[in-house]
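> What follows is entry10.cif; its format and atoms are mmCIF, C-alpha atoms.
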```cif
data_start
#
loop_
_atom_site.group_PDB
_atom_site.id
_atom_site.type_symbol
_atom_site.label_atom_id
_atom_site.label_comp_id
_atom_site.auth_asym_id
_atom_site.auth_seq_id
_atom_site.Cartn_x
_atom_site.Cartn_y
_atom_site.Cartn_z
ATOM 1 C CA LEU A 19 13.475 27.539 -12.764
ATOM 2 C CA GLY A 20 10.637 26.050 -10.782
ATOM 3 C CA LEU A 21 8.912 22.854 -11.835
ATOM 4 C CA THR A 22 5.958 24.812 -13.244
ATOM 5 C CA ALA A 23 8.204 26.876 -15.510
ATOM 6 C CA ILE A 24 10.033 23.770 -16.696
ATOM 7 C CA PHE A 25 6.704 22.024 -17.289
ATOM 8 C CA LEU A 26 5.488 24.864 -19.507
ATOM 9 C CA ALA A 27 8.771 25.043 -21.394
ATOM 10 C CA LEU A 28 8.737 21.318 -22.168
ATOM 11 C CA ALA A 29 5.045 20.928 -22.991
ATOM 12 C CA THR A 30 5.366 21.659 -26.711
ATOM 13 C CA GLU A 31 8.659 19.863 -27.251
ATOM 14 C CA ALA A 32 7.541 16.714 -25.438
ATOM 15 C CA VAL A 33 4.681 16.110 -27.843
ATOM 16 C CA ALA A 34 6.843 16.490 -30.949
ATOM 17 C CA GLU A 35 8.436 13.112 -31.803
ATOM 18 C CA ASN A 36 8.351 12.004 -28.131
ATOM 19 C CA ARG A 37 11.858 13.388 -27.669
ATOM 20 C CA VAL A 38 12.496 14.842 -24.229
ATOM 21 C CA SER A 39 14.988 17.596 -23.492
ATOM 22 C CA VAL A 40 17.132 16.787 -20.439
ATOM 23 C CA PRO A 41 19.510 19.739 -19.976
ATOM 24 C CA THR A 42 21.166 18.105 -16.950
ATOM 25 C CA ASP A 43 22.443 15.279 -19.211
ATOM 26 C CA PRO A 44 23.514 17.176 -22.364
ATOM 27 C CA ARG A 45 25.552 14.335 -23.908
ATOM 28 C CA ALA A 46 22.536 12.000 -24.095
ATOM 29 C CA SER A 47 19.228 11.951 -25.961
ATOM 30 C CA TYR A 48 15.965 10.820 -24.366
ATOM 31 C CA TRP A 49 12.711 9.568 -25.869
ATOM 32 C CA ILE A 50 9.405 8.456 -24.434
ATOM 33 C CA MET A 51 8.800 5.091 -26.070
ATOM 34 C CA SER A 52 5.378 4.385 -24.569
ATOM 35 C CA LYS A 53 2.938 5.789 -22.063
ATOM 36 C CA SER A 54 -0.184 4.191 -20.614
ATOM 37 C CA LYS A 55 -2.606 4.745 -17.780
ATOM 38 C CA ILE A 56 -2.539 2.007 -15.145
ATOM 39 C CA GLY A 57 -5.253 0.783 -12.783
ATOM 40 C CA ASN A 58 -4.475 3.110 -9.885
ATOM 41 C CA GLY A 59 -4.777 6.229 -12.096
ATOM 42 C CA ASN A 60 -1.033 6.740 -12.454
ATOM 43 C CA ILE A 61 0.771 6.481 -15.772
ATOM 44 C CA GLN A 62 3.479 4.046 -16.801
ATOM 45 C CA VAL A 63 6.199 5.488 -19.014
ATOM 46 C CA VAL A 64 8.977 3.663 -20.839
ATOM 47 C CA SER A 65 11.889 5.886 -21.849
ATOM 48 C CA ARG A 66 15.069 5.329 -23.837
ATOM 49 C CA ARG A 67 18.410 7.035 -23.232
ATOM 50 C CA SER A 68 21.144 7.067 -25.863
ATOM 51 C CA GLY A 69 24.498 8.525 -24.931
ATOM 52 C CA PRO A 70 28.251 7.904 -24.787
ATOM 53 C CA SER A 71 27.789 4.853 -22.537
ATOM 54 C CA GLY A 72 25.278 3.253 -24.906
ATOM 55 C CA THR A 73 21.519 2.821 -24.898
ATOM 56 C CA SER A 74 19.387 2.023 -21.853
ATOM 57 C CA TYR A 75 15.705 1.830 -21.019
ATOM 58 C CA ALA A 76 13.692 2.702 -17.925
ATOM 59 C CA ARG A 77 10.090 2.131 -16.944
ATOM 60 C CA ARG A 78 8.580 4.488 -14.380
ATOM 61 C CA GLU A 79 5.238 4.745 -12.626
ATOM 62 C CA ILE A 80 4.318 8.424 -12.319
ATOM 63 C CA ASN A 81 1.606 10.175 -10.332
ATOM 64 C CA CYS A 82 1.164 13.430 -12.273
ATOM 65 C CA ALA A 83 -1.060 15.098 -9.648
ATOM 66 C CA ARG A 84 1.417 14.539 -6.807
ATOM 67 C CA MET A 85 4.565 14.637 -8.983
ATOM 68 C CA THR A 86 5.868 11.407 -7.489
ATOM 69 C CA PHE A 87 7.399 8.401 -9.240
ATOM 70 C CA ARG A 88 9.147 5.089 -8.872
ATOM 71 C CA TYR A 89 11.148 2.897 -11.199
ATOM 72 C CA THR A 90 9.391 -0.337 -12.150
ATOM 73 C CA GLY A 91 12.087 -1.629 -14.492
ATOM 74 C CA GLU A 92 15.342 -0.739 -16.202
ATOM 75 C CA GLY A 93 17.994 -2.290 -18.395
ATOM 76 C CA ASP A 94 20.180 -2.096 -21.455
ATOM 77 C CA THR A 95 17.507 -3.790 -23.595
ATOM 78 C CA GLN A 96 13.718 -3.577 -23.707
ATOM 79 C CA ALA A 97 13.581 -7.271 -22.743
ATOM 80 C CA GLU A 98 15.363 -6.479 -19.473
ATOM 81 C CA LEU A 99 12.440 -4.223 -18.478
ATOM 82 C CA ASN A 100 10.360 -7.354 -17.897
ATOM 83 C CA GLN A 101 12.787 -8.876 -15.399
ATOM 84 C CA PRO A 102 11.781 -8.888 -11.700
ATOM 85 C CA TYR A 103 12.399 -5.450 -10.203
ATOM 86 C CA ASN A 104 12.133 -4.125 -6.635
ATOM 87 C CA LYS A 105 9.663 -1.292 -7.151
ATOM 88 C CA GLY A 106 10.017 0.440 -3.794
ATOM 89 C CA GLN A 107 7.896 3.370 -2.679
ATOM 90 C CA MET A 108 6.746 6.372 -4.695
ATOM 91 C CA ALA A 109 9.103 9.305 -4.111
ATOM 92 C CA PRO A 110 8.945 13.030 -4.889
ATOM 93 C CA LEU A 111 10.536 14.161 -8.124
ATOM 94 C CA THR A 112 13.733 16.153 -7.611
ATOM 95 C CA GLU A 113 14.157 19.337 -9.622
ATOM 96 C CA GLY A 114 16.722 18.844 -12.372
ATOM 97 C CA SER A 115 16.626 15.039 -12.299
ATOM 98 C CA ILE A 116 16.171 12.951 -15.427
ATOM 99 C CA SER A 117 13.010 11.448 -13.937
ATOM 100 C CA THR A 118 11.579 14.931 -13.464
ATOM 101 C CA TYR A 119 12.072 15.837 -17.128
ATOM 102 C CA ILE A 120 10.561 12.520 -18.243
ATOM 103 C CA ALA A 121 7.585 12.979 -15.878
ATOM 104 C CA LEU A 122 6.960 16.569 -16.945
ATOM 105 C CA ALA A 123 6.969 15.584 -20.616
ATOM 106 C CA ALA A 124 4.722 12.559 -20.041
ATOM 107 C CA CYS A 125 2.271 14.434 -17.825
ATOM 108 C CA SER A 126 2.046 17.399 -20.211
ATOM 109 C CA SER A 127 0.899 15.217 -23.088
ATOM 110 C CA ARG A 128 -1.876 13.395 -21.243
#
```
Can you present the structure in this file as structure tokens?

Amino acid sequence: LGLTAIFLALATEAVAENRVSVPTDPRASYWIMSKSKIGNGNIQVVSRRSGPSGTSYARREINCARMTFRYTGEGDTQAELNQPYNKGQMAPLTEGSISTYIALAACSSR
């Protein structure tokens, strides 16, 4: 499926309970914990993953119009998200990636 088809398929589910379907990681569950608009017009999204290896958190900056993103934090606890993190450059979302599913859900519920 193309990104547009995936976007439409996830739009309804993403709003309900902030749970995000990630078919490429079927043994884990994902949730959007928070979402906010930041100064440059992008959104910041904090997500939680729970799976066989435990629970982890990730914070991403997402440009919904360009479908680009970058990690701005990650860790096994929410406190670890506030540790210094090398943000790097914005990069295109890759079809089928976890970041793509998180971005599509976050951007659909703007």
> Give me, please, the distance in Å between atom CA of A:Trp49 and atom CA of A:Asn36, quoted to one decimal.
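So the answer is 5.5 Å.
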> Rounded to one decimal place, report the atom CA of A:Gly72-atom CA of A:Asn60 distance in Å.
29.3 Å
> Written as a list in words, what is the full residue list that the PyMOL selection byres ((chain A and resi 102) around 12) yields on the file shown?
Tyr89, Thr90, Gly91, Glu92, Gly93, Ala97, Glu98, Leu99, Asn100, Gln101, Tyr103, Asn104 and Lys105 of chain A
> If you measure from atom CA of A:Pro41 to atom CA of A:Ser127, what distance in Å do you get, rounded to one decimal?
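Separating atom CA of A:Pro41 from atom CA of A:Ser127 is a distance of 19.4 Å.
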> Counting only C-alpha atoms, which residue out of A:Lys53, A:Met85, A:Val64, A:Gly69 sits closest to A:Thr118?
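With only C-alpha atoms as the atom set, the closest residue is A:Met85.
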> Which one is closest to A:Met51: A:Ala83, A:Val63, A:Pro110, A:Tyr119? Count only C-alpha atoms.
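Using only C-alpha atoms, A:Met51 sits closest to A:Val63.
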> At a cut-off of 12 Å from (11.2, 12.2, -13.2) in the coordinates of the file, what residues are picked up using all atoms listed in the file, written as an MDAnalysis selection string?
chainID A and resid 21 25 38 40 50 62:65 76:82 84:89 108:125
